[in-house]
$ cat query_15.cif   # mmCIF, C-alpha atoms
data_protein
#
loop_
_atom_site.label_atom_id
_atom_site.label_comp_id
_atom_site.auth_asym_id
_atom_site.auth_seq_id
_atom_site.Cartn_x
_atom_site.Cartn_y
_atom_site.Cartn_z
CA MET A 1 18.32 -49.01 15.97
CA ASN A 2 14.68 -49.43 15.00
CA ILE A 3 13.49 -46.05 13.74
CA LEU A 4 9.99 -44.64 13.19
CA ILE A 5 9.37 -41.64 10.93
CA LEU A 6 6.06 -39.79 11.37
CA GLY A 7 4.46 -38.31 8.25
CA SER A 8 3.35 -39.14 4.71
CA GLY A 9 4.84 -36.52 2.40
CA GLY A 10 7.84 -36.00 0.15
CA ARG A 11 9.82 -34.83 3.18
CA GLU A 12 9.22 -38.14 4.96
CA HIS A 13 10.09 -40.22 1.89
CA THR A 14 13.36 -38.24 1.66
CA PHE A 15 14.07 -38.90 5.36
CA ALA A 16 13.35 -42.61 4.82
CA TRP A 17 15.63 -42.73 1.74
CA LYS A 18 18.47 -41.12 3.72
CA ILE A 19 17.97 -43.06 6.97
CA ALA A 20 17.73 -46.40 5.12
CA GLN A 21 21.32 -45.81 3.88
CA SER A 22 22.65 -45.78 7.47
CA PRO A 23 24.30 -48.91 8.88
CA LEU A 24 22.90 -47.79 12.27
CA CYS A 25 19.34 -48.36 11.08
CA GLU A 26 18.11 -51.91 11.68
CA THR A 27 14.41 -51.68 10.76
CA LEU A 28 12.66 -48.57 9.45
CA TYR A 29 8.96 -47.77 9.92
CA VAL A 30 6.93 -44.85 8.59
CA ALA A 31 3.52 -43.80 9.89
CA PRO A 32 1.44 -43.47 7.80
CA GLY A 33 3.94 -43.25 4.91
CA ASN A 34 3.18 -43.40 1.18
CA SER A 35 3.92 -45.47 -1.94
CA GLY A 36 7.57 -44.32 -1.88
CA THR A 37 8.26 -45.23 1.74
CA ALA A 38 6.52 -48.61 1.22
CA LYS A 39 9.45 -49.71 -0.96
CA ILE A 40 12.16 -49.01 1.64
CA ALA A 41 10.38 -49.23 5.00
CA LYS A 42 7.34 -50.75 6.66
CA ASN A 43 4.35 -48.39 6.55
CA LEU A 44 2.08 -48.30 9.61
CA ASP A 45 -1.49 -47.09 9.18
CA ILE A 46 -1.38 -44.57 12.05
CA LYS A 47 -2.27 -40.87 12.10
CA VAL A 48 0.61 -38.58 13.13
CA THR A 49 -1.54 -37.04 15.88
CA ASP A 50 -2.79 -40.36 17.36
CA PHE A 51 -0.26 -40.45 20.20
CA ASN A 52 -1.75 -43.56 21.84
CA ALA A 53 -1.53 -45.57 18.62
CA ILE A 54 2.03 -44.31 18.13
CA LYS A 55 2.90 -45.48 21.65
CA THR A 56 1.46 -48.94 20.93
CA ALA A 57 3.58 -49.20 17.77
CA VAL A 58 6.74 -47.95 19.51
CA LEU A 59 6.39 -50.65 22.16
CA GLU A 60 5.36 -53.38 19.69
CA TYR A 61 8.27 -52.77 17.30
CA THR A 62 10.81 -51.79 20.02
CA ILE A 63 11.44 -48.41 18.41
CA ASP A 64 14.58 -46.58 19.61
CA MET A 65 14.09 -43.29 17.78
CA VAL A 66 11.14 -41.28 16.45
CA VAL A 67 11.77 -38.68 13.73
CA VAL A 68 8.86 -36.23 13.53
CA GLY A 69 8.25 -34.95 9.99
CA PRO A 70 5.28 -32.52 10.13
CA GLU A 71 4.52 -29.70 12.57
CA ASP A 72 1.13 -30.84 13.96
CA PRO A 73 2.40 -33.54 16.37
CA LEU A 74 5.18 -31.22 17.58
CA VAL A 75 2.81 -28.33 18.30
CA LEU A 76 0.49 -30.82 20.06
CA GLY A 77 3.39 -31.94 22.27
CA ILE A 78 4.46 -35.40 21.09
CA HIS A 79 7.98 -34.95 22.48
CA ASP A 80 6.56 -34.13 25.93
CA TYR A 81 4.19 -37.13 25.66
CA PHE A 82 7.24 -39.41 25.27
CA LEU A 83 9.23 -37.74 28.07
CA ASN A 84 6.29 -37.99 30.49
CA ASP A 85 5.61 -41.68 29.85
CA VAL A 86 7.82 -44.09 31.77
CA GLN A 87 7.55 -46.70 28.98
CA LEU A 88 8.61 -44.20 26.30
CA SER A 89 11.01 -41.81 28.01
CA HIS A 90 14.11 -43.74 26.79
CA VAL A 91 13.10 -43.24 23.12
CA ALA A 92 14.96 -40.48 21.26
CA VAL A 93 12.55 -37.98 19.70
CA ILE A 94 13.82 -35.68 16.95
CA GLY A 95 11.73 -32.52 17.20
CA PRO A 96 11.30 -29.77 19.82
CA GLN A 97 9.13 -29.95 22.92
CA LYS A 98 5.73 -28.27 22.92
CA ALA A 99 6.87 -24.97 24.49
CA ALA A 100 9.46 -24.48 21.73
CA ALA A 101 7.13 -25.69 18.95
CA GLU A 102 5.03 -22.56 19.61
CA LEU A 103 7.59 -20.80 17.39
CA GLU A 104 5.59 -22.33 14.54
CA GLY A 105 2.33 -22.85 16.42
CA SER A 106 1.81 -19.12 16.99
CA LYS A 107 2.96 -16.28 14.72
CA GLU A 108 2.59 -13.85 17.63
CA PHE A 109 4.77 -16.03 19.90
CA ALA A 110 7.42 -16.12 17.16
CA LYS A 111 7.34 -12.32 16.66
CA GLU A 112 7.66 -11.73 20.40
CA PHE A 113 10.65 -14.11 20.49
CA LEU A 114 12.30 -12.27 17.57
CA TYR A 115 11.79 -8.87 19.18
CA ARG A 116 12.94 -10.07 22.61
CA HIS A 117 16.22 -11.39 21.21
CA HIS A 118 16.81 -8.47 18.81
CA ILE A 119 16.65 -10.65 15.71
CA PRO A 120 15.90 -8.63 12.54
CA THR A 121 12.27 -9.01 11.35
CA ALA A 122 9.37 -6.92 10.04
CA ALA A 123 7.45 -4.51 12.31
CA TYR A 124 4.09 -5.99 13.35
CA GLN A 125 1.02 -5.83 15.60
CA SER A 126 -1.49 -8.57 16.42
CA PHE A 127 -5.29 -8.34 16.67
CA ASN A 128 -8.33 -10.44 17.57
CA ALA A 129 -12.08 -10.11 16.94
CA SER A 130 -12.53 -7.71 19.88
CA ASN A 131 -10.13 -5.10 18.48
CA VAL A 132 -10.63 -5.51 14.75
CA GLU A 133 -11.21 -1.73 14.44
CA ASP A 134 -7.67 -1.16 15.80
CA GLY A 135 -6.48 -3.52 13.07
CA TYR A 136 -8.13 -1.33 10.42
CA ALA A 137 -6.42 1.72 11.93
CA PHE A 138 -3.03 -0.06 11.94
CA LEU A 139 -3.47 -1.02 8.26
CA GLU A 140 -4.04 2.67 7.48
CA THR A 141 -0.58 3.49 8.91
CA LEU A 142 1.15 1.02 6.54
CA LYS A 143 2.09 1.30 2.90
CA PRO A 144 0.81 -1.43 0.56
CA PRO A 145 1.17 -4.33 0.08
CA TYR A 146 -0.42 -5.46 3.36
CA VAL A 147 0.62 -8.73 5.02
CA LEU A 148 -1.98 -10.62 7.10
CA LYS A 149 -0.96 -13.83 8.89
CA ALA A 150 -3.27 -16.22 10.73
CA ASP A 151 -1.65 -16.72 14.14
CA GLY A 152 -2.11 -20.51 14.26
CA LEU A 153 -1.37 -23.44 11.96
CA ALA A 154 -3.21 -23.11 8.64
CA ALA A 155 -1.35 -25.75 6.59
CA GLY A 156 0.90 -23.14 4.98
CA LYS A 157 -2.03 -21.19 3.57
CA GLY A 158 -2.73 -18.66 6.34
CA VAL A 159 -0.73 -15.74 4.89
CA LEU A 160 -2.36 -13.12 2.66
CA ILE A 161 -0.48 -10.36 0.79
CA LEU A 162 -2.87 -7.71 -0.54
CA ASN A 163 -2.35 -4.46 -2.43
CA ASP A 164 -5.69 -2.80 -1.76
CA LEU A 165 -6.42 -1.25 1.66
CA ASN A 166 -10.17 -1.95 1.56
CA GLU A 167 -9.53 -5.53 0.52
CA ALA A 168 -7.04 -5.91 3.38
CA LYS A 169 -9.65 -4.61 5.86
CA ALA A 170 -12.29 -6.97 4.43
CA GLU A 171 -9.91 -9.95 4.69
CA LEU A 172 -8.95 -9.00 8.26
CA LYS A 173 -12.65 -9.13 9.18
CA ASN A 174 -12.99 -12.36 7.20
CA MET A 175 -10.16 -13.95 9.22
CA LEU A 176 -11.02 -12.62 12.69
CA VAL A 177 -14.82 -12.35 12.69
CA ASP A 178 -15.86 -14.91 10.06
CA ALA A 179 -13.11 -17.42 11.00
CA LYS A 180 -11.77 -17.86 7.44
CA PHE A 181 -9.04 -20.20 8.75
CA GLY A 182 -11.02 -21.51 11.74
CA ASP A 183 -9.27 -21.29 15.11
CA ALA A 184 -5.97 -20.55 13.35
CA SER A 185 -7.17 -17.01 12.57
CA SER A 186 -8.79 -16.18 15.92
CA LYS A 187 -5.74 -13.93 16.17
CA VAL A 188 -4.09 -12.23 13.18
CA VAL A 189 -0.62 -10.70 12.91
CA ILE A 190 -0.36 -7.70 10.55
CA GLU A 191 3.18 -7.04 9.34
CA GLU A 192 4.99 -4.44 7.31
CA PHE A 193 5.79 -5.81 3.85
CA LEU A 194 9.46 -6.59 3.25
CA ASP A 195 10.58 -6.28 -0.36
CA GLY A 196 13.31 -8.72 -1.36
CA ILE A 197 14.06 -12.30 -2.37
CA GLU A 198 13.28 -15.21 -0.04
CA LEU A 199 15.38 -18.18 1.02
CA SER A 200 15.38 -20.78 3.78
CA CYS A 201 18.04 -21.54 6.35
CA PHE A 202 18.00 -24.94 8.07
CA VAL A 203 19.66 -25.45 11.43
CA LEU A 204 20.11 -28.61 13.48
CA THR A 205 20.34 -28.17 17.24
CA ASP A 206 20.61 -30.37 20.32
CA GLY A 207 19.56 -27.40 22.47
CA LYS A 208 23.17 -26.38 23.18
CA HIS A 209 25.09 -26.68 19.91
CA TYR A 210 24.04 -26.12 16.33
CA LYS A 211 25.01 -27.04 12.77
CA ILE A 212 23.83 -25.17 9.68
CA LEU A 213 22.61 -27.25 6.74
CA PRO A 214 22.77 -26.05 3.10
CA THR A 215 20.47 -23.16 2.19
CA ALA A 216 17.52 -23.70 -0.15
CA LYS A 217 14.89 -21.62 -1.88
CA ASP A 218 11.41 -22.91 -2.54
CA TYR A 219 8.66 -21.67 -4.82
CA LYS A 220 5.31 -21.34 -3.07
CA ARG A 221 2.95 -20.01 -5.76
CA ILE A 222 1.03 -22.30 -8.09
CA GLY A 223 1.63 -20.20 -11.22
CA GLU A 224 4.74 -19.46 -13.23
CA GLY A 225 6.50 -16.20 -12.44
CA ASP A 226 5.37 -16.67 -8.81
CA THR A 227 1.72 -15.88 -9.50
CA GLY A 228 -1.55 -17.32 -8.22
CA LEU A 229 -2.41 -19.05 -4.98
CA ASN A 230 0.04 -20.15 -2.29
CA THR A 231 0.77 -23.88 -2.16
CA GLY A 232 2.82 -26.12 0.10
CA GLY A 233 5.69 -25.60 -2.37
CA MET A 234 6.14 -26.27 -6.12
CA GLY A 235 9.89 -26.84 -6.27
CA ALA A 236 13.21 -25.93 -4.66
CA VAL A 237 16.86 -25.18 -5.39
CA SER A 238 19.99 -25.69 -3.22
CA PRO A 239 22.37 -23.98 -2.69
CA VAL A 240 20.92 -20.48 -3.17
CA PRO A 241 23.22 -18.77 -5.70
CA PHE A 242 22.84 -15.27 -4.21
CA ALA A 243 23.72 -16.43 -0.68
CA THR A 244 27.39 -15.41 -0.71
CA GLU A 245 29.79 -16.25 2.10
CA ALA A 246 29.44 -12.71 3.47
CA PHE A 247 25.63 -13.01 3.44
CA LEU A 248 25.75 -16.47 5.09
CA ASN A 249 27.97 -14.98 7.83
CA LYS A 250 25.32 -12.32 8.49
CA ILE A 251 22.67 -15.05 8.77
CA GLU A 252 24.77 -16.97 11.29
CA GLU A 253 25.79 -13.98 13.42
CA ARG A 254 22.54 -11.99 13.39
CA ILE A 255 19.97 -14.77 13.21
CA VAL A 256 21.17 -18.32 13.93
CA LYS A 257 23.32 -17.60 17.01
CA PRO A 258 20.74 -15.33 18.73
CA THR A 259 18.00 -17.88 17.92
CA ILE A 260 19.85 -20.79 19.59
CA LEU A 261 20.86 -18.57 22.54
CA GLY A 262 17.28 -17.29 22.77
CA LEU A 263 15.94 -20.86 23.04
CA GLN A 264 18.32 -21.45 25.96
CA LYS A 265 17.52 -18.14 27.68
CA ASP A 266 13.76 -18.68 27.35
CA ASN A 267 14.08 -22.30 28.49
CA LEU A 268 12.54 -23.68 25.29
CA PRO A 269 13.80 -27.31 25.04
CA TYR A 270 14.82 -28.01 21.47
CA LYS A 271 16.25 -31.10 19.76
CA GLY A 272 15.73 -31.10 16.04
CA PHE A 273 15.44 -28.85 13.00
CA VAL A 274 14.95 -25.09 13.10
CA PHE A 275 13.72 -23.89 9.71
CA ILE A 276 14.22 -20.13 9.39
CA GLY A 277 12.29 -18.46 6.57
CA LEU A 278 14.37 -15.45 5.51
CA ILE A 279 14.16 -12.54 3.13
CA LYS A 280 17.16 -10.71 1.71
CA VAL A 281 16.36 -6.98 1.87
CA GLY A 282 19.20 -5.12 0.20
CA ASP A 283 22.22 -7.00 1.59
CA ASP A 284 20.62 -7.88 4.91
CA PRO A 285 18.73 -10.99 6.04
CA LYS A 286 15.49 -10.63 8.00
CA VAL A 287 13.31 -13.38 9.49
CA ILE A 288 9.87 -13.92 7.98
CA GLU A 289 8.97 -16.96 10.08
CA TYR A 290 10.19 -19.95 12.05
CA ASN A 291 9.15 -23.52 11.39
CA VAL A 292 10.04 -26.27 13.85
CA ARG A 293 10.70 -29.04 11.31
CA MET A 294 12.23 -29.44 7.88
CA GLY A 295 10.53 -27.75 4.95
CA ASP A 296 8.87 -29.58 2.08
CA PRO A 297 10.04 -29.53 -0.78
CA GLU A 298 13.31 -28.10 0.59
CA THR A 299 14.10 -31.44 2.31
CA GLU A 300 14.17 -33.01 -1.16
CA VAL A 301 17.14 -30.80 -2.14
CA VAL A 302 18.90 -30.36 1.23
CA LEU A 303 19.15 -34.01 2.39
CA PRO A 304 20.43 -35.33 -0.97
CA ARG A 305 23.36 -32.89 -0.57
CA LEU A 306 24.18 -34.16 2.95
CA LYS A 307 26.88 -36.84 2.82
CA THR A 308 27.06 -37.41 6.60
CA ASP A 309 25.08 -40.31 8.08
CA LEU A 310 21.75 -38.81 9.17
CA VAL A 311 21.18 -41.37 11.93
CA GLU A 312 24.58 -40.50 13.45
CA ILE A 313 23.54 -36.84 13.41
CA PHE A 314 20.18 -37.62 15.07
CA LYS A 315 21.89 -39.81 17.68
CA ALA A 316 24.28 -36.94 18.50
CA ILE A 317 21.31 -34.54 18.80
CA SER A 318 19.51 -36.84 21.25
CA GLU A 319 22.71 -37.17 23.32
CA GLU A 320 23.49 -33.41 23.21
CA ARG A 321 26.85 -33.88 21.47
CA LEU A 322 26.11 -32.34 18.09
CA ASP A 323 29.39 -30.40 18.37
CA GLU A 324 31.22 -33.72 17.73
CA ILE A 325 29.64 -34.14 14.29
CA ASN A 326 31.29 -32.87 11.13
CA LEU A 327 28.77 -32.16 8.36
CA GLU A 328 30.00 -33.20 4.93
CA ILE A 329 28.10 -31.51 2.06
CA ASP A 330 28.02 -32.48 -1.62
CA ASP A 331 29.37 -29.59 -3.73
CA ARG A 332 26.84 -30.24 -6.49
CA ALA A 333 23.60 -28.30 -6.77
CA ALA A 334 20.30 -30.11 -6.25
CA THR A 335 16.91 -29.06 -7.60
CA THR A 336 13.44 -30.51 -7.28
CA VAL A 337 10.20 -29.98 -9.20
CA MET A 338 6.85 -30.90 -7.66
CA LEU A 339 4.22 -32.66 -9.76
CA VAL A 340 0.73 -31.76 -8.53
CA SER A 341 -2.86 -32.80 -9.14
CA GLY A 342 -4.85 -30.63 -11.57
CA GLY A 343 -6.87 -28.08 -9.57
CA TYR A 344 -4.47 -28.00 -6.58
CA PRO A 345 -4.30 -26.01 -4.24
CA GLU A 346 -8.10 -25.92 -4.60
CA ALA A 347 -10.32 -28.96 -5.31
CA TYR A 348 -8.64 -31.86 -7.15
CA GLU A 349 -9.37 -35.51 -7.91
CA LYS A 350 -7.47 -38.47 -6.41
CA GLY A 351 -6.81 -42.02 -7.55
CA LYS A 352 -5.16 -41.17 -10.90
CA ALA A 353 -2.76 -43.90 -12.07
CA ILE A 354 0.88 -42.75 -12.36
CA SER A 355 2.89 -44.23 -15.25
CA GLY A 356 6.52 -44.01 -16.37
CA LEU A 357 8.27 -44.32 -12.98
CA GLU A 358 10.42 -47.17 -14.32
CA ASN A 359 11.79 -44.83 -17.04
CA ILE A 360 13.40 -42.31 -14.66
CA LYS A 361 17.17 -42.13 -15.13
CA ASP A 362 19.64 -40.07 -13.12
CA SER A 363 16.98 -38.38 -10.93
CA LEU A 364 15.53 -39.20 -7.53
CA VAL A 365 11.77 -39.57 -7.23
CA PHE A 366 10.31 -38.70 -3.82
CA HIS A 367 6.66 -39.69 -3.44
CA ALA A 368 4.33 -37.32 -1.57
CA GLY A 369 0.57 -37.56 -2.26
CA ALA A 370 0.82 -41.04 -3.77
CA THR A 371 -0.27 -44.47 -2.57
CA ILE A 372 -0.49 -48.05 -3.85
CA LYS A 373 -3.86 -49.43 -4.99
CA ALA A 374 -4.05 -52.87 -6.64
CA ASN A 375 -0.27 -52.91 -7.25
CA GLN A 376 -0.44 -49.54 -9.04
CA VAL A 377 0.95 -46.22 -7.78
CA VAL A 378 -1.93 -43.71 -7.80
CA THR A 379 -2.37 -40.08 -6.70
CA SER A 380 -3.71 -39.50 -3.17
CA GLY A 381 -2.98 -35.81 -2.55
CA GLY A 382 -2.42 -32.38 -4.07
CA ARG A 383 1.37 -32.52 -4.26
CA VAL A 384 2.01 -35.93 -5.79
CA MET A 385 5.77 -36.35 -6.20
CA ALA A 386 9.05 -34.44 -6.30
CA ILE A 387 11.67 -35.07 -8.99
CA THR A 388 15.14 -34.23 -7.65
CA SER A 389 18.36 -34.06 -9.66
CA TYR A 390 22.00 -33.16 -9.11
CA GLY A 391 24.07 -30.93 -11.39
CA ASN A 392 27.30 -28.93 -11.40
CA THR A 393 25.03 -25.88 -11.61
CA TYR A 394 21.38 -25.53 -10.61
CA GLU A 395 20.55 -24.95 -14.30
CA GLU A 396 22.04 -28.34 -15.20
CA ALA A 397 20.18 -30.01 -12.32
CA ILE A 398 16.84 -28.44 -13.20
CA LYS A 399 17.22 -29.47 -16.85
CA LYS A 400 17.68 -33.07 -15.74
CA SER A 401 14.53 -32.93 -13.57
CA TYR A 402 12.48 -31.57 -16.46
CA GLN A 403 13.83 -34.23 -18.86
CA ASN A 404 12.74 -36.95 -16.43
CA ILE A 405 9.33 -35.38 -15.83
CA ASN A 406 8.68 -35.97 -19.56
CA GLN A 407 8.77 -39.71 -18.77
CA LEU A 408 5.96 -39.41 -16.20
CA HIS A 409 2.24 -39.14 -16.63
CA PHE A 410 -1.01 -39.00 -14.68
CA ASP A 411 -4.32 -37.43 -15.63
CA LYS A 412 -4.30 -33.60 -15.21
CA MET A 413 -0.65 -33.62 -14.01
CA TYR A 414 0.64 -30.07 -13.51
CA TYR A 415 4.04 -28.61 -12.63
CA ARG A 416 5.82 -25.27 -12.85
CA LYS A 417 8.20 -25.03 -15.79
CA ASP A 418 10.13 -22.07 -14.36
CA ILE A 419 11.69 -23.28 -11.07
CA GLY A 420 14.84 -21.20 -10.51
CA PHE A 421 13.60 -18.49 -12.93
CA ASP A 422 14.43 -15.61 -10.56
CA LEU A 423 18.00 -16.65 -9.78
#
$ encode --input "query_15.cif" --output "structure tokens"
Amino acid sequence: MNILILGSGGREHTFAWKIAQSPLCETLYVAPGNSGTAKIAKNLDIKVTDFNAIKTAVLEYTIDMVVVGPEDPLVLGIHDYFLNDVQLSHVAVIGPQKAAAELEGSKEFAKEFLYRHHIPTAAYQSFNASNVEDGYAFLETLKPPYVLKADGLAAGKGVLILNDLNEAKAELKNMLVDAKFGDASSKVVIEEFLDGIELSCFVLTDGKHYKILPTAKDYKRIGEGDTGLNTGGMGAVSPVPFATEAFLNKIEERIVKPTILGLQKDNLPYKGFVFIGLIKVGDDPKVIEYNVRMGDPETEVVLPRLKTDLVEIFKAISEERLDEINLEIDDRAATTVMLVSGGYPEAYEKGKAISGLENIKDSLVFHAGATIKANQVVTSGGRVMAITSYGNTYEEAIKKSYQNINQLHFDKMYYRKDIGFDL
């Protein structure tokens, strides 16, 4: 098969690394890709939301399968675009259709889905600019901290957790009236705060059957000890040590099964990854959010633990026979640490030369915000690369990642030195 991956991050480099190992993959393309994917696939200079340019490439390179990395094209309906085009309808697309992608596209849609299917989650209400006063009143009924979520896509940055009531009211106005996150915060969901430890559950589904991938935990805050601003993710660990068999059974019975059944009942066509953001409150899992694609940097620890051929899995998903696949998982732990540009997640400089890549031993390097200029790998984004290692324990794996990071350098390089600290 000729396969096209859409996206340019560490997640997409990890997909490319895994797919390139499959004997079923003839030629691999990535649009737009990065310096990492350039070494194992052919990068195409196409935006992930330029559906017409994607169509042209699919026809030109006789692509048989499209694997959608990020959420934007899914929420905009790329799967439907393929199904509704007679020249493209035979191409397998890994990712849900537009109606189902609203689970990530709208926080309110997701909360309504959770409530409708009796899936445990935090109490909530949603507000817009016309009833902002009601929002203030609802905040007054809650105990701090206060959780405000922009309804739409805000690149992982649309969630605020605030301890002060007046600050929460001011931020609600800021989001709804002053459009802090643009259209994404024209509606805001206010939730009760759940106190616990977070983890992520990844599910593959063909719309009828499902398979659960290894759990992972990522670290969203820029600062050590989980302090400072939210980022796209600073590192991840898999498996999650506190996710015991009994706890995993609760996740499957109370959350995964009703989610997959709910998709069927609500007629939400789904072929791809369901990423369920969870929090462990006491001994019980509750859903914080749904994403309709793999997480980043969780992909960098989950896929390296998957021994089964990923293309075979994707083929089974497109043909609705996922139940025939047996997932084989590596028993070792995997950890990843994200190297980021100085200043991220706020303003940062690009174009910094990256040195030492040839010195990495016994770790995987997944490029994210990196590109090739004049035969040199340079920074091109906030999250630059993820250093993934295996170990018999997550402590052993994390130690290996940190040892290899010492071989790497770029100007103002920053990373968290405490990934896994809370486990």
$ residues_around --input "query_15.cif" --residues "Leu74 (chain A)" --least-positions-apart "3" --cutoff "7 Å" --atoms "all atoms listed in the file" --output "NGL selection string"
:A and (71 or 77-79 or 95-98 or 101)
$ write_last_selection --input "query_15.cif" --atoms "C-alpha atoms" --output "PDB file, in the frame of the given file"
ATOM      1  CA  GLU A  71       4.520 -29.700  12.570  1.00  0.00           C
ATOM      2  CA  GLY A  77       3.390 -31.940  22.270  1.00  0.00           C
ATOM      3  CA  ILE A  78       4.460 -35.400  21.090  1.00  0.00           C
ATOM      4  CA  HIS A  79       7.980 -34.950  22.480  1.00  0.00           C
ATOM      5  CA  GLY A  95      11.730 -32.520  17.200  1.00  0.00           C
ATOM      6  CA  PRO A  96      11.300 -29.770  19.820  1.00  0.00           C
ATOM      7  CA  GLN A  97       9.130 -29.950  22.920  1.00  0.00           C
ATOM      8  CA  LYS A  98       5.730 -28.270  22.920  1.00  0.00           C
ATOM      9  CA  ALA A 101       7.130 -25.690  18.950  1.00  0.00           C
TER      10      ALA A 101
END
$ atom_distance --input "query_15.cif" --atom1 "CA of Glu358 (chain A)" --atom2 "CA of Asn406 (chain A)"
12.5 Å
$ closest_atom_pairs --input "query_15.cif" --of "region 214-240 of chain A" --to "region 149-165 of chain A" --cutoff "10 Å" --atoms "only C-alpha atoms" --output "tab-separated table"
residue	atom	partner	partner_atom	distance
A:Lys220	CA	A:Gly156	CA	9.4
A:Leu229	CA	A:Lys157	CA	8.8
A:Asn230	CA	A:Lys157	CA	6.3
A:Thr231	CA	A:Lys157	CA	6.9
A:Gly232	CA	A:Gly156	CA	6.0
A:Gly233	CA	A:Gly156	CA	9.1
$ resolve_selection --input "query_15.cif" --expression "the PyMOL selection byres ((chain A and resi 367-382) around 6)" --output "MDAnalysis selection string"
chainID A and resid 9:10 34:36 340:341 344 350:354 366 383:385
$ closest_residue --input "query_15.cif" --among "A:Val177, A:Ile260, A:Val75, A:Val287" --to "Ala123 (chain A)" --atoms "all atoms listed in the file"
A:Val287
$ resolve_selection --input "query_15.cif" --expression "the PyMOL selection byres ((chain A and resi 299) around 10)" --output "PyMOL selection string"
chain A and resi 10-15+202+216+236+238+293-298+300-305+336
$ residues_near_point --input "query_15.cif" --point "(7.2, -35.7, 24.6)" --cutoff "12 Å" --atoms "only C-alpha atoms" --output "PyMOL selection string"
chain A and resi 51+54-55+66+68+73-101+269-271
$ residues_around --input "query_15.cif" --residues "Val188 (chain A)" --least-positions-apart "6" --cutoff "9 Å" --atoms "only C-alpha atoms" --output "PyMOL selection string"
chain A and resi 107-108+125-128+148-152+172+175-176
$ residues_around --input "query_15.cif" --residues "Leu327 (chain A)" --least-positions-apart "6" --cutoff "9 Å" --atoms "only C-alpha atoms" --output "PyMOL selection string"
chain A and resi 211-213+306-309+313
$ write_last_selection --input "query_15.cif" --atoms "C-alpha atoms" --output "compact mmCIF listing (two decimals), in the frame of the given file"
# COMPACT_ATOMS: atom_id res chain seq x y z
CA LYS A 211 25.01 -27.04 12.77
CA ILE A 212 23.83 -25.17 9.68
CA LEU A 213 22.61 -27.25 6.74
CA LEU A 306 24.18 -34.16 2.95
CA LYS A 307 26.88 -36.84 2.82
CA THR A 308 27.06 -37.41 6.60
CA ASP A 309 25.08 -40.31 8.08
CA ILE A 313 23.54 -36.84 13.41
$ closest_residue --input "query_15.cif" --among "A:Gly105, A:Gly262, A:Pro214, A:Gly272" --to "Ala243 (chain A)" --atoms "all atoms listed in the file"
A:Pro214
$ build_atoms --input "query_15.cif" --residues "region 110-121 of chain A" --atoms "N, CA and C atoms" --output "PDB file, keeping the file's coordinate frame"
ATOM      1  N   ALA A 110       6.169 -16.211  17.914  1.00  0.00           N
ATOM      2  CA  ALA A 110       7.420 -16.120  17.160  1.00  0.00           C
ATOM      3  C   ALA A 110       7.893 -14.660  17.055  1.00  0.00           C
ATOM      4  N   LYS A 111       6.954 -13.740  16.779  1.00  0.00           N
ATOM      5  CA  LYS A 111       7.340 -12.320  16.660  1.00  0.00           C
ATOM      6  C   LYS A 111       7.850 -11.787  17.996  1.00  0.00           C
ATOM      7  N   GLU A 112       7.205 -12.183  19.077  1.00  0.00           N
ATOM      8  CA  GLU A 112       7.660 -11.730  20.400  1.00  0.00           C
ATOM      9  C   GLU A 112       9.070 -12.254  20.692  1.00  0.00           C
ATOM     10  N   PHE A 113       9.323 -13.506  20.311  1.00  0.00           N
ATOM     11  CA  PHE A 113      10.650 -14.110  20.490  1.00  0.00           C
ATOM     12  C   PHE A 113      11.696 -13.322  19.691  1.00  0.00           C
ATOM     13  N   LEU A 114      11.372 -13.014  18.434  1.00  0.00           N
ATOM     14  CA  LEU A 114      12.300 -12.270  17.570  1.00  0.00           C
ATOM     15  C   LEU A 114      12.626 -10.899  18.152  1.00  0.00           C
ATOM     16  N   TYR A 115      11.595 -10.209  18.604  1.00  0.00           N
ATOM     17  CA  TYR A 115      11.790  -8.870  19.180  1.00  0.00           C
ATOM     18  C   TYR A 115      12.619  -8.943  20.473  1.00  0.00           C
ATOM     19  N   ARG A 116      12.270  -9.931  21.309  1.00  0.00           N
ATOM     20  CA  ARG A 116      12.940 -10.070  22.610  1.00  0.00           C
ATOM     21  C   ARG A 116      14.440 -10.303  22.443  1.00  0.00           C
ATOM     22  N   HIS A 117      14.801 -11.040  21.399  1.00  0.00           N
ATOM     23  CA  HIS A 117      16.220 -11.390  21.210  1.00  0.00           C
ATOM     24  C   HIS A 117      16.891 -10.550  20.118  1.00  0.00           C
ATOM     25  N   HIS A 118      16.228  -9.450  19.750  1.00  0.00           N
ATOM     26  CA  HIS A 118      16.810  -8.470  18.810  1.00  0.00           C
ATOM     27  C   HIS A 118      17.247  -9.118  17.495  1.00  0.00           C
ATOM     28  N   ILE A 119      16.380  -9.985  16.984  1.00  0.00           N
ATOM     29  CA  ILE A 119      16.650 -10.650  15.710  1.00  0.00           C
ATOM     30  C   ILE A 119      15.877  -9.894  14.624  1.00  0.00           C
ATOM     31  N   PRO A 120      16.556  -9.490  13.534  1.00  0.00           N
ATOM     32  CA  PRO A 120      15.900  -8.630  12.540  1.00  0.00           C
ATOM     33  C   PRO A 120      14.662  -9.274  11.893  1.00  0.00           C
ATOM     34  N   THR A 121      13.536  -8.538  11.926  1.00  0.00           N
ATOM     35  CA  THR A 121      12.270  -9.010  11.350  1.00  0.00           C
ATOM     36  C   THR A 121      11.399  -7.792  11.044  1.00  0.00           C
TER      37      THR A 121
END
